[in-house]
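Colleague: One file is attached below, upload.txt, containing compact mmCIF, C-alpha atoms and all ligand atoms.
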# COMPACT_ATOMS: atom_id res chain seq x y z
CA MET A 1 1.13 65.70 -66.59
CA ALA A 2 1.08 65.13 -70.33
CA THR A 3 4.72 64.07 -70.62
CA ALA A 4 4.34 61.24 -68.13
CA GLU A 5 1.47 59.81 -70.14
CA LEU A 6 3.22 60.04 -73.48
CA HIS A 7 6.52 58.45 -72.46
CA THR A 8 7.61 55.53 -70.36
CA TYR A 9 10.59 54.39 -68.33
CA PRO A 10 11.65 51.24 -70.19
CA HIS A 11 14.45 50.05 -67.88
CA ARG A 12 14.32 47.28 -65.33
CA HIS A 13 16.69 49.01 -62.89
CA LEU A 14 17.82 52.49 -61.93
CA LEU A 15 21.59 52.10 -61.75
CA GLY A 16 22.66 55.52 -62.94
CA ILE A 17 21.68 58.62 -64.86
CA GLU A 18 24.13 57.74 -67.63
CA GLY A 19 22.17 56.21 -70.47
CA LEU A 20 18.82 57.77 -69.53
CA SER A 21 17.20 60.02 -72.11
CA ALA A 22 15.72 63.43 -71.38
CA ASP A 23 12.25 61.90 -71.82
CA GLU A 24 12.95 59.14 -69.31
CA ILE A 25 14.26 61.65 -66.78
CA THR A 26 11.17 63.77 -67.36
CA VAL A 27 8.91 60.76 -66.72
CA LEU A 28 10.54 60.28 -63.31
CA LEU A 29 10.41 63.99 -62.44
CA ASP A 30 6.77 64.34 -63.50
CA ARG A 31 5.77 61.31 -61.48
CA SER A 32 7.69 62.72 -58.48
CA GLU A 33 5.59 65.90 -58.64
CA GLU A 34 2.48 63.90 -57.82
CA TYR A 35 4.14 62.51 -54.73
CA VAL A 36 5.25 65.93 -53.49
CA ASP A 37 1.57 66.81 -53.14
CA GLN A 38 0.71 63.49 -51.54
CA ASN A 39 3.52 63.86 -48.98
CA ARG A 40 2.11 67.20 -47.84
CA ARG A 41 -1.27 65.66 -46.97
CA VAL A 42 -2.14 64.40 -43.49
CA ASP A 43 -2.74 60.90 -44.85
CA LYS A 44 0.36 60.04 -46.84
CA LYS A 45 -0.24 56.35 -47.28
CA GLN A 46 -1.22 54.47 -50.44
CA SER A 47 -1.54 50.81 -51.27
CA LEU A 48 0.14 50.87 -54.67
CA LEU A 49 2.94 48.56 -53.49
CA ARG A 50 0.86 46.39 -51.17
CA GLY A 51 2.24 42.87 -51.23
CA ARG A 52 5.59 44.04 -52.57
CA THR A 53 8.83 43.66 -50.62
CA GLN A 54 11.58 46.27 -50.67
CA ILE A 55 14.97 45.52 -49.14
CA ASN A 56 17.31 48.42 -48.40
CA LEU A 57 20.83 47.02 -48.38
CA PHE A 58 23.33 49.58 -47.16
CA PHE A 59 27.05 48.75 -47.08
CA GLU A 60 27.87 52.39 -46.27
CA SER A 61 26.45 54.82 -43.76
CA SER A 62 23.50 56.99 -44.69
CA THR A 63 20.92 59.23 -43.04
CA ARG A 64 18.85 60.94 -45.73
CA THR A 65 18.98 58.35 -48.48
CA ARG A 66 18.17 55.32 -46.33
CA THR A 67 15.43 57.05 -44.34
CA SER A 68 13.78 58.49 -47.42
CA PHE A 69 13.83 55.16 -49.27
CA GLU A 70 12.25 53.55 -46.20
CA LEU A 71 9.57 56.25 -45.96
CA ALA A 72 8.99 56.11 -49.70
CA GLY A 73 8.37 52.35 -49.64
CA LYS A 74 6.14 52.54 -46.56
CA ARG A 75 4.09 55.41 -47.94
CA LEU A 76 3.39 53.30 -51.01
CA GLY A 77 2.35 50.35 -48.84
CA ALA A 78 5.35 48.03 -49.42
CA ASP A 79 6.90 45.82 -46.75
CA VAL A 80 10.28 47.42 -46.17
CA ILE A 81 13.28 45.67 -44.64
CA ASN A 82 16.48 47.55 -43.76
CA MET A 83 19.78 45.75 -43.75
CA SER A 84 23.11 47.30 -42.92
CA ALA A 85 26.47 45.69 -43.52
CA GLU A 86 27.44 45.97 -39.84
CA ALA A 87 24.53 43.84 -38.72
CA SER A 88 24.63 41.18 -41.44
CA SER A 89 26.65 38.16 -42.50
CA ILE A 90 28.86 40.44 -44.54
CA ARG A 91 30.73 40.87 -41.29
CA LYS A 92 31.19 37.09 -41.30
CA GLY A 93 32.92 37.17 -44.67
CA GLU A 94 30.02 36.55 -47.04
CA THR A 95 30.66 37.97 -50.51
CA LEU A 96 28.47 40.60 -52.13
CA ILE A 97 27.19 38.08 -54.65
CA ASP A 98 26.33 35.49 -51.99
CA THR A 99 24.45 38.14 -50.02
CA ALA A 100 22.61 39.14 -53.20
CA MET A 101 21.70 35.53 -54.01
CA THR A 102 20.50 34.94 -50.46
CA LEU A 103 18.23 37.97 -50.57
CA ASN A 104 17.09 37.06 -54.07
CA ALA A 105 15.86 33.71 -52.81
CA MET A 106 13.40 35.58 -50.56
CA HIS A 107 11.70 37.09 -53.63
CA PRO A 108 12.02 40.79 -52.99
CA ASP A 109 10.53 43.10 -55.60
CA VAL A 110 13.04 45.90 -55.17
CA LEU A 111 16.56 46.03 -53.79
CA VAL A 112 17.90 49.47 -52.88
CA VAL A 113 21.68 49.18 -52.61
CA ARG A 114 24.46 51.47 -51.42
CA HIS A 115 28.03 50.25 -51.65
CA PRO A 116 31.48 51.85 -51.22
CA HIS A 117 32.80 50.38 -54.48
CA SER A 118 32.00 51.89 -57.86
CA GLY A 119 30.29 49.28 -60.03
CA ALA A 120 29.24 46.98 -57.17
CA VAL A 121 25.54 47.80 -57.56
CA ASN A 122 25.63 47.09 -61.32
CA LEU A 123 27.28 43.74 -60.61
CA LEU A 124 24.65 42.84 -58.04
CA ALA A 125 21.85 43.82 -60.42
CA GLN A 126 23.05 41.17 -62.87
CA LYS A 127 22.60 38.46 -60.25
CA VAL A 128 19.07 39.11 -58.99
CA ASP A 129 15.59 38.85 -60.47
CA CYS A 130 14.15 42.02 -59.00
CA ALA A 131 14.51 45.72 -59.75
CA VAL A 132 17.63 47.30 -58.30
CA ILE A 133 18.01 50.97 -57.39
CA ASN A 134 21.49 52.36 -56.91
CA ALA A 135 21.51 54.40 -53.70
CA GLY A 136 25.15 55.40 -54.29
CA ASP A 137 28.11 53.27 -55.41
CA GLY A 138 31.57 54.56 -54.51
CA SER A 139 32.37 57.67 -56.48
CA HIS A 140 30.36 56.46 -59.49
CA GLU A 141 26.65 57.35 -59.44
CA HIS A 142 23.84 58.38 -57.10
CA PRO A 143 20.90 58.69 -59.50
CA THR A 144 18.11 59.47 -57.03
CA GLN A 145 20.17 62.35 -55.60
CA ALA A 146 20.51 63.88 -59.07
CA LEU A 147 16.78 63.40 -59.67
CA LEU A 148 15.84 65.08 -56.39
CA ASP A 149 18.23 67.94 -57.12
CA ALA A 150 16.68 68.33 -60.57
CA LEU A 151 13.17 68.28 -59.12
CA THR A 152 14.13 70.97 -56.61
CA ILE A 153 15.60 73.17 -59.33
CA ARG A 154 12.73 72.58 -61.76
CA ARG A 155 10.12 73.48 -59.16
CA ARG A 156 11.97 76.69 -58.25
CA ARG A 157 13.00 77.79 -61.73
CA GLY A 158 10.36 76.09 -63.87
CA ARG A 159 12.97 74.44 -66.10
CA LEU A 160 16.45 72.95 -66.27
CA ASP A 161 17.17 73.82 -69.86
CA GLY A 162 19.51 76.82 -70.26
CA LEU A 163 20.37 77.21 -66.56
CA ILE A 164 24.00 77.57 -65.50
CA VAL A 165 24.90 75.30 -62.60
CA ALA A 166 28.18 75.35 -60.65
CA ILE A 167 29.03 72.16 -58.75
CA CYS A 168 31.75 73.00 -56.23
CA GLY A 169 34.10 71.09 -53.96
CA ASP A 170 35.28 67.50 -54.00
CA ILE A 171 34.26 66.64 -57.54
CA LEU A 172 36.82 63.86 -57.89
CA HIS A 173 35.29 61.55 -55.27
CA SER A 174 31.66 62.57 -55.70
CA ARG A 175 28.99 60.28 -57.13
CA VAL A 176 26.58 63.18 -56.61
CA ALA A 177 28.65 65.32 -58.99
CA ARG A 178 28.81 62.58 -61.66
CA SER A 179 25.08 61.88 -61.61
CA ASN A 180 24.22 65.57 -61.56
CA ILE A 181 26.54 66.34 -64.47
CA GLN A 182 24.95 63.57 -66.55
CA LEU A 183 21.43 64.67 -65.72
CA LEU A 184 21.90 68.40 -66.09
CA ILE A 185 23.70 68.12 -69.42
CA THR A 186 21.08 65.69 -70.75
CA MET A 187 18.38 68.20 -69.77
CA GLY A 188 20.11 71.10 -71.51
CA ALA A 189 21.72 72.92 -68.57
CA ARG A 190 25.28 74.26 -68.67
CA VAL A 191 27.51 72.84 -65.97
CA ARG A 192 30.72 74.13 -64.42
CA VAL A 193 32.73 72.28 -61.81
CA VAL A 194 34.78 74.34 -59.35
CA ALA A 195 37.52 72.66 -57.31
CA PRO A 196 41.21 72.77 -56.47
CA PRO A 197 43.25 70.85 -59.08
CA THR A 198 43.70 67.98 -56.61
CA LEU A 199 39.94 67.43 -56.35
CA VAL A 200 38.96 67.37 -60.01
CA SER A 201 40.43 65.67 -63.04
CA PRO A 202 40.72 67.21 -66.53
CA LEU A 203 38.73 64.14 -67.66
CA PHE A 204 35.61 65.93 -66.45
CA GLU A 205 35.90 68.20 -69.48
CA ARG A 206 35.08 65.15 -71.58
CA MET A 207 31.70 65.04 -69.84
CA GLY A 208 30.99 68.45 -71.34
CA VAL A 209 31.59 70.61 -68.27
CA ALA A 210 33.83 73.65 -67.83
CA VAL A 211 36.48 73.14 -65.13
CA HIS A 212 37.31 76.11 -62.86
CA HIS A 213 39.85 76.30 -60.06
CA ASP A 214 38.64 79.59 -58.69
CA MET A 215 35.28 80.35 -57.06
CA GLY A 216 35.21 83.88 -58.50
CA SER A 217 35.21 82.75 -62.12
CA GLY A 218 33.34 79.51 -61.40
CA LEU A 219 30.37 81.23 -59.77
CA ASP A 220 30.24 84.18 -62.12
CA GLY A 221 26.64 84.60 -63.29
CA VAL A 222 25.44 81.12 -62.27
CA ASP A 223 21.80 80.27 -61.48
CA ILE A 224 22.58 77.42 -59.10
CA VAL A 225 25.45 76.83 -56.66
CA MET A 226 25.71 73.21 -55.58
CA MET A 227 28.21 72.57 -52.77
CA LEU A 228 29.75 69.17 -52.00
CA ARG A 229 31.32 67.65 -48.91
CA LEU A 230 34.99 66.63 -48.83
CA GLN A 231 34.70 62.83 -49.16
CA THR A 232 37.51 62.10 -46.71
CA GLU A 233 36.46 58.44 -46.48
CA ARG A 234 37.43 58.02 -50.16
CA MET A 235 40.75 59.88 -49.85
CA GLN A 236 44.08 58.22 -49.31
CA GLY A 237 46.57 60.89 -48.45
CA SER A 238 46.15 64.62 -48.35
CA TYR A 239 44.13 66.42 -51.02
CA VAL A 240 43.82 69.80 -49.29
CA PRO A 241 46.48 71.64 -47.24
CA SER A 242 44.12 72.32 -44.32
CA VAL A 243 40.40 72.70 -43.69
CA ARG A 244 40.97 76.38 -42.91
CA GLU A 245 42.70 77.03 -46.17
CA TYR A 246 40.11 74.99 -48.06
CA PHE A 247 37.31 77.10 -46.61
CA HIS A 248 39.19 80.28 -47.41
CA PHE A 249 39.46 79.44 -51.12
CA PHE A 250 36.54 77.10 -51.77
CA GLY A 251 34.06 77.40 -48.88
CA LEU A 252 30.84 79.16 -49.91
CA ASP A 253 30.39 82.43 -48.01
CA TYR A 254 28.45 85.59 -48.94
CA GLN A 255 31.53 87.16 -50.46
CA LYS A 256 32.02 84.35 -52.97
CA LEU A 257 28.28 84.00 -53.54
CA ALA A 258 28.17 87.62 -54.72
CA ALA A 259 29.63 86.48 -58.07
CA ALA A 260 26.52 84.36 -58.77
CA LYS A 261 23.18 85.74 -60.02
CA PRO A 262 21.46 87.73 -57.24
CA ASP A 263 18.74 85.07 -56.92
CA ALA A 264 21.03 82.05 -57.36
CA LEU A 265 19.90 79.03 -55.34
CA ILE A 266 22.23 77.30 -52.88
CA MET A 267 22.14 73.51 -52.76
CA HIS A 268 23.92 70.76 -50.82
CA PRO A 269 23.14 67.02 -50.83
CA GLY A 270 24.10 66.66 -47.16
CA PRO A 271 25.65 65.76 -44.86
CA MET A 272 27.04 69.28 -44.55
CA ASN A 273 30.29 70.18 -42.89
CA ARG A 274 29.60 73.72 -41.76
CA GLY A 275 32.66 75.93 -41.90
CA VAL A 276 34.42 73.51 -44.28
CA GLU A 277 32.63 73.70 -47.65
CA ILE A 278 29.88 76.10 -46.60
CA ASP A 279 29.47 79.00 -44.21
CA THR A 280 26.76 78.29 -41.65
CA ASP A 281 24.76 81.50 -42.34
CA VAL A 282 24.73 80.84 -46.07
CA ALA A 283 23.54 77.26 -45.49
CA ASP A 284 20.63 78.51 -43.35
CA ASP A 285 19.68 81.50 -45.51
CA ILE A 286 15.95 80.93 -46.07
CA ASP A 287 15.90 83.21 -49.10
CA ARG A 288 18.65 81.40 -50.96
CA SER A 289 19.24 77.92 -49.56
CA VAL A 290 17.00 75.05 -50.72
CA ILE A 291 18.86 72.38 -48.77
CA ARG A 292 15.81 71.32 -46.73
CA GLU A 293 13.62 71.31 -49.80
CA GLN A 294 16.09 68.89 -51.39
CA VAL A 295 15.46 66.50 -48.52
CA GLU A 296 11.69 66.83 -48.97
CA MET A 297 11.98 66.18 -52.71
CA GLY A 298 14.07 63.10 -51.95
CA VAL A 299 11.09 61.20 -50.56
CA ALA A 300 8.89 62.08 -53.55
CA VAL A 301 11.57 61.11 -56.06
CA ARG A 302 12.15 57.76 -54.37
CA MET A 303 8.41 57.05 -54.34
CA ALA A 304 8.30 57.81 -58.06
CA CYS A 305 11.25 55.48 -58.74
CA LEU A 306 9.68 52.64 -56.73
CA ASP A 307 6.36 53.22 -58.46
CA VAL A 308 7.80 53.27 -61.98
CA LEU A 309 10.13 50.30 -61.47
CA THR A 310 7.55 48.04 -59.84
CA GLY A 311 4.88 49.05 -62.37
CA HIS A 312 7.21 48.02 -65.14
CA LEU A 313 7.88 44.64 -63.56
CA SER A 314 4.26 43.74 -62.88
CA ASN A 315 1.95 42.10 -65.38
CA ASP A 316 -0.30 45.11 -65.15
CA PRO A 317 0.28 47.95 -67.57
CA PRO A 318 2.10 50.87 -65.92
CA ARG A 319 -0.34 53.26 -64.26
CA LYS A 320 -1.39 56.42 -65.96
CA ALA A 321 -0.14 59.52 -64.16
CA ALA A 322 -1.95 62.25 -62.19
CA ALA A 323 -5.63 61.47 -62.65
CA ALA A 324 -5.30 57.97 -61.21
CA GLU A 325 -4.09 59.33 -57.86
C1 LIG B 401 25.83 62.04 -50.54
C2 LIG B 401 26.35 60.63 -50.75
O1 LIG B 401 26.18 59.76 -49.91
O2 LIG B 401 26.89 60.43 -51.81
N1 LIG B 401 24.89 62.14 -49.53
C3 LIG B 401 23.60 61.83 -49.77
O3 LIG B 401 23.27 60.81 -50.31
N2 LIG B 401 22.68 62.74 -49.41
C4 LIG B 401 26.92 63.02 -50.43
C5 LIG B 401 27.91 62.89 -49.32
O4 LIG B 401 28.00 61.87 -48.64
O5 LIG B 401 28.68 63.84 -49.14
Taking this structure as input, can you express it in the form of structure tokens?

Modeller:
Amino acid sequence: MATAELHTYPHRHLLGIEGLSADEITVLLDRSEEYVDQNRRVDKKQSLLRGRTQINLFFESSTRTRTSFELAGKRLGADVINMSAEASSIRKGETLIDTAMTLNAMHPDVLVVRHPHSGAVNLLAQKVDCAVINAGDGSHEHPTQALLDALTIRRRRGRLDGLIVAICGDILHSRVARSNIQLLITMGARVRVVAPPTLVSPLFERMGVAVHHDMGSGLDGVDIVMMLRLQTERMQGSYVPSVREYFHFFGLDYQKLAAAKPDALIMHPGPMNRGVEIDTDVADDIDRSVIREQVEMGVAVRMACLDVLTGHLSNDPPRKAAAAE
């Protein structure tokens, strides 16, 4: 695509959406499009990253993100190693920095890192020589999730610019919300967050979003409804009176969805808690829900990120898009 050839991704790492320009985001999305097609072929494998080593370092549990980063690396021909905190020397008291330095000494080309503390991945990136991709740090950022959400929306709606997106649920603890807000606003969408007052801070208004405490007004006329899980692992104390009451006021069911545009898309980054933030029929509605498509786009986006970051680090000029495939 023309945009991918005109612009580049000039950064060494992908630590967050904050700081990326609309052009840089477009480079990543355009490159991802190529991989969507490749992933639908019988033979999905390439040798673009042959000889490269990718280490997935996960200090927090993950299904989608870890699996799709592993698949993404393998489909590009990299050697992929998975490390989880439970099975490593972190359990023996090694610090994050020592772990990073140890892995760095093995000359990986890419480190994909998830960590429960906001800022931990940025810190680690300062200590290693390779490209670092943030796979989610605390409640701070989850850039590849925002990119895969954007790709899903762009493929369905043809654009991001001018769309109205409601992000609903536990905004306060959500790295998905923060990365999505940054990306969507940068790309010209209008964003609302919808949550009980305990699960959102007025500071979000400074990010340029409208804060709603009621699903009726929050979903009124929106193009996209993005639901989020209650991040109970990041909560100390009680943020909602009960799950039942939470679902009653903030769980997405057909009644609340009726306020959105008739063709509004339903999204969720997973893992879903059915009957808590989303009604099970709504989640599985094949006409409205793009939740499975989000997972598919996740692999393509992660391939694009690995491609762009390793291309930038090599001595070779970054590949030209599309035609070279
Ligand atoms: C999200 C995460 O880990 O931040 N999940 C994901 O990456 N698909 C959201 C969540 O855990 O609720």

Colleague: Taking only C-alpha atoms and all ligand atoms into account, report as a ChimeraX atom specification which residues have an atom no farther than 6 Å from an atom of ligand LIG 401 (chain B).

Modeller: /A:64-65,136,175-176,229,269-271

Colleague: Please measure the separation of CA of Asp170 (chain A) and CA of Met187 (chain A), giving the value in Å to one decimal.

Modeller: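 These atoms are spaced 23.1 Å apart.
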
Colleague: Against region 238-242 of chain A, which residues of region 145-176 of chain A fall within 12 Å? For each one I want the closest pair of atoms and the distance in Å (one decimal), counting all atoms listed in the file, rows by chain and increasing residue number, as a Markdown table.

Modeller:
| residue | atom | partner | partner_atom | distance |
| --- | --- | --- | --- | --- |
| A:Gly169 | CA | A:Val240 | CA | 10.9 |
| A:Asp170 | CA | A:Tyr239 | CA | 9.4 |
| A:Ile171 | CA | A:Tyr239 | CA | 11.8 |
| A:Leu172 | CA | A:Tyr239 | CA | 10.4 |
| A:His173 | CA | A:Tyr239 | CA | 11.0 |

Colleague: Check which residues of region 245-308 of chain A sit at most 6 Å from region 66-82 of chain A using only C-alpha atoms, and return one row each with the closest pair of atoms and their distance in Å to one decimal, ordered by chain and rising number, as a Markdown table.

Modeller:
| residue | atom | partner | partner_atom | distance |
| --- | --- | --- | --- | --- |
| A:Val299 | CA | A:Ser68 | CA | 4.9 |
| A:Arg302 | CA | A:Ala72 | CA | 5.9 |
| A:Met303 | CA | A:Ala72 | CA | 4.8 |

Colleague: Using all atoms listed in the file, tabulate the residues of region 130-247 of chain A lying at most 9 Å from any atom of region 20-29 of chain A, each with its closest atom pair and that distance in Å to one decimal, by chain and increasing residue number, as JSON lines.

Modeller:
{"residue": "A:Leu147", "atom": "CA", "partner": "A:Leu29", "partner_atom": "CA", "distance": 7.0}
{"residue": "A:Leu148", "atom": "CA", "partner": "A:Leu29", "partner_atom": "CA", "distance": 8.2}
{"residue": "A:Ala150", "atom": "CA", "partner": "A:Leu29", "partner_atom": "CA", "distance": 7.9}
{"residue": "A:Leu151", "atom": "CA", "partner": "A:Leu29", "partner_atom": "CA", "distance": 6.1}
{"residue": "A:Arg154", "atom": "CA", "partner": "A:Leu29", "partner_atom": "CA", "distance": 8.9}
{"residue": "A:Gln182", "atom": "CA", "partner": "A:Leu20", "partner_atom": "CA", "distance": 8.9}
{"residue": "A:Leu183", "atom": "CA", "partner": "A:Ile25", "partner_atom": "CA", "distance": 7.9}
{"residue": "A:Thr186", "atom": "CA", "partner": "A:Ala22", "partner_atom": "CA", "distance": 5.9}
{"residue": "A:Met187", "atom": "CA", "partner": "A:Ala22", "partner_atom": "CA", "distance": 5.7}
{"residue": "A:Gly188", "atom": "CA", "partner": "A:Ala22", "partner_atom": "CA", "distance": 8.8}

Colleague: Let me know the centre plus edge lengths, in Å and rounded to one decimal, of a box with edges along x, y and z that contains all listed atoms of region 296-307 of chain A and is padded by 6 Å on every side, as JSON.

Modeller:
{"center_x": 10.2, "center_y": 59.7, "center_z": -53.9, "size_x": 19.7, "size_y": 26.2, "size_z": 21.8}

Colleague: When you look at region 277-282 of chain A with a cut-off of 9 Å (counting only C-alpha atoms), what residues show up, excluding the ones that are within fewer than 2 positions of it in the same chain? I need them as JSON, numbers by chain.

Modeller: {"A": [168, 169, 227, 228, 229, 230, 243, 246, 247, 250, 251, 252, 253, 254, 257, 266, 272, 273, 274, 275, 284, 285, 286, 288, 289]}

Colleague: Find the distance between CA of Asn122 (chain A) and CA of Phe204 (chain A) and write it in Å to one decimal.

Modeller: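 Result for CA of Asn122 (chain A) versus CA of Phe204 (chain A): 21.9 Å, one decimal.
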
Colleague: As an exercise, work out the distance from CA of Arg206 (chain A) to CA of His11 (chain A) in Å and give it to one decimal place.

Modeller: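 Going from CA of Arg206 (chain A) over to CA of His11 (chain A) covers 25.8 Å.
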
Colleague: Quick one: residues within 9 Å of Met83 (chain A), all atoms listed in the file, excluding same-chain residues fewer than 3 positions away - as a VMD selection string?

Modeller: chain A and resid 55 to 59 86 to 88

Colleague: Put those residues in a file: C-alpha atoms, as a compact mmCIF listing (two decimals), in the coordinates of the input.

Modeller:
# COMPACT_ATOMS: atom_id res chain seq x y z
CA ILE A 55 14.97 45.52 -49.14
CA ASN A 56 17.31 48.42 -48.40
CA LEU A 57 20.83 47.02 -48.38
CA PHE A 58 23.33 49.58 -47.16
CA PHE A 59 27.05 48.75 -47.08
CA GLU A 86 27.44 45.97 -39.84
CA ALA A 87 24.53 43.84 -38.72
CA SER A 88 24.63 41.18 -41.44

Colleague: Go through A:Phe249, A:Met226, A:Thr232, A:Asn134 and flag the residue nearest Asp214 (chain A), using all atoms listed in the file for the distances.

Modeller: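 Of A:Phe249, A:Met226, A:Thr232, A:Asn134, the one nearest Asp214 (chain A), counting all atoms listed in the file, is A:Phe249.
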
Colleague: Using all atoms listed in the file for the distances, tell me which of A:Ser62, A:Ser217, A:Ser179, A:Ser174 is nearest to Arg192 (chain A).

Modeller: A:Ser217

Colleague: Using all atoms listed in the file, can you tell me which of A:Ala135, A:Val301, A:Arg178, A:Lys44 comes closest to Leu203 (chain A)?

Modeller: A:Arg178
